[in-house]
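Enquirer: Mind having a look at this structure? Questions to follow.
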Amino acid sequence: MKASNRSGISPFYVMEVMKSAAMRQLQVGDVLHLEVGQPSTPAPRLALEAAAVALESDRLGYTEAVGIPALRSRIARLYAQRHGLEIDPSRVVVTVGASGGFTLAILACFDAGDRVAMTEPGYAAYRNIMDALGVEVVPITVGPDTGFNLSIEQLEESMPLDGVVVASPSNPTGTVLADDEMRRLAGFCQSADLRLISDEIYHGITFGDAGVCALAYDDEAVVVQSFSKYQSMTGWRVGWTVVPDNLFGPVERLAQNLYISAPAISQHAALGSLEADAELNAHVARYRVNRDLVMSSLSAMGIQRVAPPDGAFYVWADVGHLGIDSAELCRRWLDDVGVAVTPGVDFDRTAGDRHVRFSYSESTADIEEACSRLETWMSRFA
């Protein structure tokens with residue numbers, strides 16, 4: 001029996017690195033993780049307390065496909081608090097993580113054969129999801145000349161398009177769209193009748209200006225969000241989207257059939273996490289310290305061509321001058337010193353072989369030790 005053509009999408013290579021790291025951990029026990037894009041901390045205390053209460057008092061069966069009303073209302077209030085935006089809770093859809101939300105958004109907004117632009121480098125799973133759904137991905141190369149963000153000129157050159165996927169803060173680059181950049185991007189999408197899908201899952205983790213929400217400038221945009229990153233709840237698999245009124249029905253029907261609902265226990269925990277900023281902001285302070293450690297260490301190693309890491313917890317670095325393919329380089333780092341790093345091939349099909357992504361979401365002690373090991377390796381390599 002055959003497998004479908006759509007299942008022939010590229011693997012998510014970071015998961016392969018994680019498998020290799022787990023194998024070394026079993027054999028040697030010394031692995032430090034700079035590859036995985038998840039917080040090293042558990043869900044915040046208030047989230048765990050809310051989950052415990054729900055375990056004792058709630059049936060924890062199916063919820064509404066779009067999420068429990070209390071969570072949808074609290075998410076809407078978050079936009080008023082964080083962005084000064086009045087969002088009706090009826091536009092909020094609770095999803096099975098941001099990945100589920102992105103899949104719903106693509107299915108609701110585009111047909112097979114539609115052309116949707118996204119940056120290269122960009123988040124690999126988004127490209128692969130669109131490939132699997134028959135949407136034509138139009139990669140737009142970004143680099144130092146554009147601040148690793150999309151420019152309007154690049155979009156104009158890529159027309160005709162049906163939509164644009166943008167991420168701020170970005171994975172893998174950690175770059176953030178400034179308010180004026182988002183305003184111009186949203187204005188272009190409106191004037192060209194393009195659907196803007198804005199990945200904002202790293203909002204809350206920025207080291208300068210807070211990330212701007214696409215809805216501030218385009219009420220027809222679809223925002224994809226998650227409790228995984230700022231709220232430190234990756235394994236709970238809960239996120240949300242904010243959709244325009246005319247897309248709510250389509251998204252709801254798709255959610256009913258594809259997912260039934262997000263996990264009930266996770267929704268209760270998520271509701272608690274939205275009151276946990278004091279604890280969560282301490283994590284962001286740690287990420288800032290870790291970012292500075294990684295940047296200083298990379299400079300000492302002679303790796304200086306990096307994207308400006310203004311948010312999330314990644315550094316995207318050009319290692320082409322070392323003369324080693326990034327996949328081979330990451331293999332050597334893991335085999336020789338037990339430091340797991342993600343090769344750039346996941347995020348950039350054109351120049352990924354000369355780039356790597358460092359994640360600095362682990363403890364500061366682990367980041368310090370990982371940097372020390374890499375500096376020692378690099379001194380021998382030189």
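Chain lettering (A, B, ...) mirrors the order of the structure tokens, residue numbering begins at 1 for each chain separately, and ligand numbering begins at 1 in order of display.
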Excluding segment 227-233 of chain A and residues on its chain fewer than 5 positions from it, collect all residues at most 8 Å away from it, counting only C-alpha atoms, and give them as a list of chain:residue names.
Expert: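 With the cut-off at 8 Å, the set is A:Gln38, A:Pro39, A:Ser40, A:Thr41, A:Pro42, A:Ala43, A:Pro44, A:Gly97, A:Ile201, A:Tyr202, A:His203, A:Gly204, A:Ile205, A:Val238, A:Gly239, A:Ala270, A:Ser273, A:Leu274, A:Leu280, A:Val284.
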Enquirer: Do a neighbour search on Ala21 of chain A at 9 Å with only C-alpha atoms, toss out local chain neighbours closer than 5 positions, and write the hits as an MDAnalysis selection string.
Expert: chainID A and resid 16 26 31:33 334 338:340
Enquirer: List as a ChimeraX atom specification the protein and nucleic acid residues near Arg77 of chain A, meaning an atom at most 12 Å away when only C-alpha atoms are counted, but skip any in the same chain fewer than 5 places from it.
Expert: /A:70-72,82-89,92,271,274-275
Enquirer: Keeping only N, CA and C atoms, write the selected residues to a file as a short mmCIF file (atom, residue, chain, number, x, y, z; two decimals), in the first residue's frame.
Expert:
```cif
data_model
loop_
_atom_site.label_atom_id
_atom_site.label_comp_id
_atom_site.auth_asym_id
_atom_site.auth_seq_id
_atom_site.Cartn_x
_atom_site.Cartn_y
_atom_site.Cartn_z
N ALA A 70 -14.21 31.06 29.84
CA ALA A 70 -13.40 31.87 30.75
C ALA A 70 -12.02 32.14 30.18
N LEU A 71 -11.43 31.14 29.53
CA LEU A 71 -10.09 31.31 28.96
C LEU A 71 -10.15 32.25 27.76
N ARG A 72 -11.15 32.11 26.93
CA ARG A 72 -11.27 33.00 25.76
C ARG A 72 -11.43 34.45 26.20
N ARG A 82 -1.85 44.23 27.24
CA ARG A 82 -0.52 44.22 26.63
C ARG A 82 -0.41 45.17 25.45
N HIS A 83 -1.50 45.33 24.67
CA HIS A 83 -1.43 46.08 23.43
C HIS A 83 -2.42 47.23 23.33
N GLY A 84 -3.30 47.36 24.32
CA GLY A 84 -4.32 48.40 24.24
C GLY A 84 -5.35 48.13 23.17
N LEU A 85 -5.60 46.86 22.83
CA LEU A 85 -6.53 46.49 21.79
C LEU A 85 -7.79 45.88 22.39
N GLU A 86 -8.93 46.29 21.89
CA GLU A 86 -10.20 45.70 22.33
C GLU A 86 -10.55 44.56 21.39
N ILE A 87 -10.41 43.34 21.87
CA ILE A 87 -10.68 42.14 21.09
C ILE A 87 -11.89 41.44 21.69
N ASP A 88 -12.91 41.20 20.88
CA ASP A 88 -14.08 40.49 21.36
C ASP A 88 -13.71 39.02 21.59
N PRO A 89 -14.06 38.46 22.75
CA PRO A 89 -13.75 37.04 23.00
C PRO A 89 -14.29 36.10 21.93
N VAL A 92 -11.68 34.73 19.58
CA VAL A 92 -10.59 33.93 20.13
C VAL A 92 -10.92 32.45 20.01
N LEU A 271 -5.35 29.17 31.91
CA LEU A 271 -6.06 30.29 32.54
C LEU A 271 -5.30 30.77 33.77
N LEU A 274 -2.07 32.95 33.04
CA LEU A 274 -2.22 34.35 32.61
C LEU A 274 -2.17 35.32 33.78
N GLU A 275 -2.09 34.81 35.00
CA GLU A 275 -1.93 35.67 36.18
C GLU A 275 -0.53 35.55 36.76
#
```
Enquirer: Please produce, as a tab-separated table, a per-residue contact table for segment 214-293 of chain A versus segment 307-319 of chain A (criterion: any atom at most 12 Å away, only C-alpha atoms considered), showing the nearest atom pair and its distance in Å to one decimal, sorted by chain then residue number.
Expert:
```
residue	atom	partner	partner_atom	distance
A:Ser228	CA	A:Ala312	CA	11.7
A:Lys229	CA	A:Ala312	CA	8.2
A:Tyr230	CA	A:Ala312	CA	8.7
A:His283	CA	A:Phe313	CA	10.8
A:Val284	CA	A:Phe313	CA	9.1
A:Ala285	CA	A:Phe313	CA	11.3
A:Arg286	CA	A:Phe313	CA	10.2
A:Tyr287	CA	A:Phe313	CA	6.5
A:Arg288	CA	A:Phe313	CA	8.4
A:Val289	CA	A:Phe313	CA	10.7
A:Asn290	CA	A:Phe313	CA	8.6
A:Arg291	CA	A:Phe313	CA	7.2
A:Asp292	CA	A:Pro309	CA	9.7
A:Leu293	CA	A:Val315	CA	11.2
```
Enquirer: Just want the 9 Å neighbourhood of Asp245 of chain A, counted on only C-alpha atoms, with same-chain residues fewer than 6 positions away dropped. Output as a compact mmCIF listing (two decimals) with C-alpha atoms, in the first residue's frame.
Expert:
```
# COMPACT_ATOMS: atom_id res chain seq x y z
CA SER A 90 -15.89 35.67 20.16
CA ARG A 91 -12.84 36.05 17.90
CA GLU A 220 -8.27 41.06 9.03
```
Enquirer: Select from segment 173-237 of chain A everything DSSP, run on the backbone, classes as strand (DSSP E), then give the selection as a ChimeraX atom specification.
Expert: /A:195-199,222-226
Enquirer: Could you state the separation of atom CA of Pro263 of chain A and atom CA of Gly235 of chain A in Å, given to one decimal place?
Expert: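 Distance reported for this atom pair: 11.2 Å.
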Enquirer: If we count only C-alpha atoms, what is near segment 118-127 of chain A at a cut-off of 6 Å, once residues fewer than 5 positions away on the same chain are taken out, given as a list in words?
Expert: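 The residues satisfying every condition are Pro139, Ile140, Thr141, Val165, Asn171, Asp346, Phe347 and Asp348 of chain A.
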Enquirer: Atom CA of Cys371 of chain A to atom CA of Phe358 of chain A: how many Å, to one decimal?
Expert: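 Answer for the atom CA of Cys371 of chain A to atom CA of Phe358 of chain A separation: 10.5 Å.
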Enquirer: Using only C-alpha atoms, determine which residues lie at most 10 Å from segment 300-305 of chain A, disregarding the query and same-chain residues fewer than 6 positions distant; provide the list as an mmCIF file with N, CA and C atoms, in the first residue's frame.
Expert:
```
data_model
loop_
_atom_site.group_PDB
_atom_site.id
_atom_site.type_symbol
_atom_site.label_atom_id
_atom_site.label_comp_id
_atom_site.auth_asym_id
_atom_site.auth_seq_id
_atom_site.Cartn_x
_atom_site.Cartn_y
_atom_site.Cartn_z
ATOM 1 N N PRO A 144 21.152 40.399 6.745
ATOM 2 C CA PRO A 144 21.564 41.650 7.389
ATOM 3 C C PRO A 144 21.049 42.902 6.694
ATOM 4 N N VAL A 294 25.881 34.029 25.572
ATOM 5 C CA VAL A 294 26.091 33.386 24.272
ATOM 6 C C VAL A 294 26.730 34.362 23.293
ATOM 7 N N TRP A 316 20.925 33.191 15.761
ATOM 8 C CA TRP A 316 21.131 32.639 14.418
ATOM 9 C C TRP A 316 22.484 33.134 13.935
ATOM 10 N N ALA A 317 23.412 32.192 13.732
ATOM 11 C CA ALA A 317 24.797 32.575 13.484
ATOM 12 C C ALA A 317 25.316 31.983 12.184
ATOM 13 N N ASP A 318 26.075 32.773 11.458
ATOM 14 C CA ASP A 318 26.745 32.352 10.228
ATOM 15 C C ASP A 318 28.089 31.742 10.607
ATOM 16 N N VAL A 319 28.255 30.446 10.320
ATOM 17 C CA VAL A 319 29.504 29.748 10.626
ATOM 18 C C VAL A 319 30.213 29.304 9.349
ATOM 19 N N GLY A 320 29.830 29.918 8.229
ATOM 20 C CA GLY A 320 30.392 29.523 6.944
ATOM 21 C C GLY A 320 31.889 29.659 6.870
ATOM 22 N N HIS A 321 32.453 30.628 7.622
ATOM 23 C CA HIS A 321 33.902 30.850 7.570
ATOM 24 C C HIS A 321 34.696 29.678 8.143
ATOM 25 N N LEU A 322 34.028 28.770 8.864
ATOM 26 C CA LEU A 322 34.726 27.617 9.432
ATOM 27 C C LEU A 322 34.976 26.539 8.396
ATOM 28 N N HIS A 355 24.779 28.004 8.488
ATOM 29 C CA HIS A 355 24.234 28.655 9.682
ATOM 30 C C HIS A 355 23.863 27.620 10.739
ATOM 31 N N CYS A 371 28.962 27.042 26.672
ATOM 32 C CA CYS A 371 29.838 28.010 26.002
ATOM 33 C C CYS A 371 31.300 27.693 26.268
ATOM 34 N N LEU A 374 32.312 24.761 24.058
ATOM 35 C CA LEU A 374 32.435 25.146 22.655
ATOM 36 C C LEU A 374 33.673 26.010 22.431
ATOM 37 N N GLU A 375 33.988 26.904 23.366
ATOM 38 C CA GLU A 375 35.179 27.744 23.224
ATOM 39 C C GLU A 375 36.428 26.871 23.228
ATOM 40 N N THR A 376 36.473 25.859 24.099
ATOM 41 C CA THR A 376 37.624 24.947 24.129
ATOM 42 C C THR A 376 37.744 24.198 22.814
ATOM 43 N N TRP A 377 36.623 23.707 22.288
ATOM 44 C CA TRP A 377 36.636 22.998 21.002
ATOM 45 C C TRP A 377 37.129 23.912 19.884
ATOM 46 N N MET A 378 36.622 25.128 19.869
ATOM 47 C CA MET A 378 36.993 26.060 18.807
ATOM 48 C C MET A 378 38.479 26.434 18.891
ATOM 49 N N SER A 379 39.028 26.526 20.095
ATOM 50 C CA SER A 379 40.446 26.863 20.219
ATOM 51 C C SER A 379 41.315 25.746 19.639
ATOM 52 N N ALA A 382 40.873 25.892 15.679
ATOM 53 C CA ALA A 382 41.648 26.964 15.053
ATOM 54 C C ALA A 382 43.119 26.587 14.918
#
```
Enquirer: When you draw a straight line from atom CA of Val94 of chain A to atom CA of Val66 of chain A, how long is it in Å?
Expert: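 Separation of atom CA of Val94 of chain A and atom CA of Val66 of chain A: 5.2 Å.
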Enquirer: Using only C-alpha atoms, which protein or nucleic acid residues come within 6 Å of Glu35 of chain A? Drop anything in the same chain fewer than 5 positions from it, and give the result as a PDB file with C-alpha atoms, in the first residue's frame.
Expert:
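Generated file (selection-v5.pdb):
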```
ATOM      1  CA  ALA A 340      23.651  19.890  21.109  1.00  0.00           C
ATOM      2  CA  VAL A 341      23.095  22.710  18.586  1.00  0.00           C
ATOM      3  CA  THR A 342      20.648  22.853  15.673  1.00  0.00           C
ATOM      4  CA  SER A 359      18.904  28.195  21.914  1.00  0.00           C
TER       5      SER A 359
END
```
Enquirer: Have a look at A:Ala327, A:Arg237, A:Gly113, A:Pro69 and name the one nearest to Ile265 of chain A; count only C-alpha atoms.
Expert: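 Among A:Ala327, A:Arg237, A:Gly113, A:Pro69, it is A:Arg237 that comes nearest to Ile265 of chain A.
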Enquirer: Counting only C-alpha atoms, which of A:Tyr13, A:Arg373, A:Ser191, A:Leu46 gets nearest to Ala278 of chain A?
Expert: A:Leu46
Enquirer: Please identify which residues in segment 243-279 of chain A DSSP calls helix (DSSP H, G or I) from the backbone, and express them as JSON, numbers by chain.
Expert: {"A": [245, 246, 247, 248, 249, 250, 251, 252, 253, 254, 255, 256, 257, 258, 264, 265, 266, 267, 268, 269, 270, 271, 272, 273, 277, 278, 279]}
Enquirer: Export, as a PDB file, in the first residue's frame, the selected residues with N, CA and C atoms.
Expert:
```pdb
ATOM      1  N   ASP A 245     -13.992  38.197  12.189  1.00  0.00           N
ATOM      2  CA  ASP A 245     -15.340  37.639  12.370  1.00  0.00           C
ATOM      3  C   ASP A 245     -15.715  36.651  11.272  1.00  0.00           C
ATOM      4  N   ASN A 246     -15.370  36.976  10.022  1.00  0.00           N
ATOM      5  CA  ASN A 246     -15.820  36.123   8.916  1.00  0.00           C
ATOM      6  C   ASN A 246     -15.082  34.795   8.843  1.00  0.00           C
ATOM      7  N   LEU A 247     -14.006  34.648   9.617  1.00  0.00           N
ATOM      8  CA  LEU A 247     -13.281  33.381   9.629  1.00  0.00           C
ATOM      9  C   LEU A 247     -13.615  32.519  10.840  1.00  0.00           C
ATOM     10  N   PHE A 248     -14.345  33.085  11.800  1.00  0.00           N
ATOM     11  CA  PHE A 248     -14.594  32.305  13.013  1.00  0.00           C
ATOM     12  C   PHE A 248     -15.355  31.015  12.701  1.00  0.00           C
ATOM     13  N   GLY A 249     -16.422  31.098  11.921  1.00  0.00           N
ATOM     14  CA  GLY A 249     -17.203  29.909  11.578  1.00  0.00           C
ATOM     15  C   GLY A 249     -16.368  28.852  10.892  1.00  0.00           C
ATOM     16  N   PRO A 250     -15.617  29.200   9.837  1.00  0.00           N
ATOM     17  CA  PRO A 250     -14.757  28.204   9.197  1.00  0.00           C
ATOM     18  C   PRO A 250     -13.743  27.575  10.148  1.00  0.00           C
ATOM     19  N   VAL A 251     -13.104  28.407  10.984  1.00  0.00           N
ATOM     20  CA  VAL A 251     -12.110  27.874  11.914  1.00  0.00           C
ATOM     21  C   VAL A 251     -12.780  26.962  12.944  1.00  0.00           C
ATOM     22  N   GLU A 252     -13.936  27.354  13.433  1.00  0.00           N
ATOM     23  CA  GLU A 252     -14.641  26.525  14.410  1.00  0.00           C
ATOM     24  C   GLU A 252     -14.992  25.158  13.814  1.00  0.00           C
ATOM     25  N   ARG A 253     -15.505  25.148  12.578  1.00  0.00           N
ATOM     26  CA  ARG A 253     -15.864  23.875  11.955  1.00  0.00           C
ATOM     27  C   ARG A 253     -14.635  22.990  11.752  1.00  0.00           C
ATOM     28  N   LEU A 254     -13.552  23.599  11.311  1.00  0.00           N
ATOM     29  CA  LEU A 254     -12.324  22.831  11.137  1.00  0.00           C
ATOM     30  C   LEU A 254     -11.836  22.278  12.471  1.00  0.00           C
ATOM     31  N   ALA A 255     -11.879  23.090  13.525  1.00  0.00           N
ATOM     32  CA  ALA A 255     -11.430  22.639  14.840  1.00  0.00           C
ATOM     33  C   ALA A 255     -12.295  21.493  15.352  1.00  0.00           C
ATOM     34  N   GLN A 256     -13.602  21.587  15.158  1.00  0.00           N
ATOM     35  CA  GLN A 256     -14.506  20.528  15.600  1.00  0.00           C
ATOM     36  C   GLN A 256     -14.128  19.190  14.978  1.00  0.00           C
ATOM     37  N   ASN A 257     -13.810  19.225  13.703  1.00  0.00           N
ATOM     38  CA  ASN A 257     -13.563  17.982  12.985  1.00  0.00           C
ATOM     39  C   ASN A 257     -12.137  17.471  13.115  1.00  0.00           C
ATOM     40  N   LEU A 258     -11.174  18.371  13.200  1.00  0.00           N
ATOM     41  CA  LEU A 258      -9.776  17.950  13.249  1.00  0.00           C
ATOM     42  C   LEU A 258      -9.307  17.625  14.659  1.00  0.00           C
ATOM     43  N   ALA A 264      -8.690  19.679  28.080  1.00  0.00           N
ATOM     44  CA  ALA A 264      -9.385  20.458  29.106  1.00  0.00           C
ATOM     45  C   ALA A 264      -8.451  20.854  30.245  1.00  0.00           C
ATOM     46  N   ILE A 265      -7.646  19.901  30.726  1.00  0.00           N
ATOM     47  CA  ILE A 265      -6.754  20.208  31.850  1.00  0.00           C
ATOM     48  C   ILE A 265      -5.784  21.319  31.470  1.00  0.00           C
ATOM     49  N   SER A 266      -5.316  21.309  30.227  1.00  0.00           N
ATOM     50  CA  SER A 266      -4.373  22.329  29.768  1.00  0.00           C
ATOM     51  C   SER A 266      -5.027  23.704  29.701  1.00  0.00           C
ATOM     52  N   GLN A 267      -6.292  23.744  29.328  1.00  0.00           N
ATOM     53  CA  GLN A 267      -6.992  25.029  29.276  1.00  0.00           C
ATOM     54  C   GLN A 267      -7.134  25.644  30.664  1.00  0.00           C
ATOM     55  N   HIS A 268      -7.439  24.823  31.655  1.00  0.00           N
ATOM     56  CA  HIS A 268      -7.538  25.339  33.027  1.00  0.00           C
ATOM     57  C   HIS A 268      -6.171  25.844  33.513  1.00  0.00           C
ATOM     58  N   ALA A 269      -5.133  25.088  33.212  1.00  0.00           N
ATOM     59  CA  ALA A 269      -3.790  25.521  33.586  1.00  0.00           C
ATOM     60  C   ALA A 269      -3.412  26.819  32.878  1.00  0.00           C
ATOM     61  N   ALA A 270      -3.772  26.904  31.604  1.00  0.00           N
ATOM     62  CA  ALA A 270      -3.466  28.113  30.833  1.00  0.00           C
ATOM     63  C   ALA A 270      -4.130  29.334  31.446  1.00  0.00           C
ATOM     64  N   LEU A 271      -5.354  29.173  31.912  1.00  0.00           N
ATOM     65  CA  LEU A 271      -6.060  30.285  32.543  1.00  0.00           C
ATOM     66  C   LEU A 271      -5.297  30.767  33.770  1.00  0.00           C
ATOM     67  N   GLY A 272      -4.787  29.844  34.559  1.00  0.00           N
ATOM     68  CA  GLY A 272      -3.986  30.242  35.709  1.00  0.00           C
ATOM     69  C   GLY A 272      -2.693  30.929  35.321  1.00  0.00           C
ATOM     70  N   SER A 273      -2.086  30.482  34.222  1.00  0.00           N
ATOM     71  CA  SER A 273      -0.797  31.046  33.815  1.00  0.00           C
ATOM     72  C   SER A 273      -0.893  32.512  33.431  1.00  0.00           C
ATOM     73  N   ASP A 277       2.599  36.652  35.678  1.00  0.00           N
ATOM     74  CA  ASP A 277       3.657  37.460  35.065  1.00  0.00           C
ATOM     75  C   ASP A 277       4.866  37.658  35.963  1.00  0.00           C
ATOM     76  N   ALA A 278       4.643  37.778  37.267  1.00  0.00           N
ATOM     77  CA  ALA A 278       5.787  38.008  38.162  1.00  0.00           C
ATOM     78  C   ALA A 278       6.797  36.869  38.061  1.00  0.00           C
ATOM     79  N   GLU A 279       6.300  35.641  38.063  1.00  0.00           N
ATOM     80  CA  GLU A 279       7.183  34.483  37.929  1.00  0.00           C
ATOM     81  C   GLU A 279       7.767  34.403  36.525  1.00  0.00           C
TER      82      GLU A 279
END
```
Enquirer: So which one's closest to Ala192 of chain A, A:Val166, A:Val176, A:Ile152, A:Val223? Using only C-alpha atoms, please.
Expert: A:Ile152
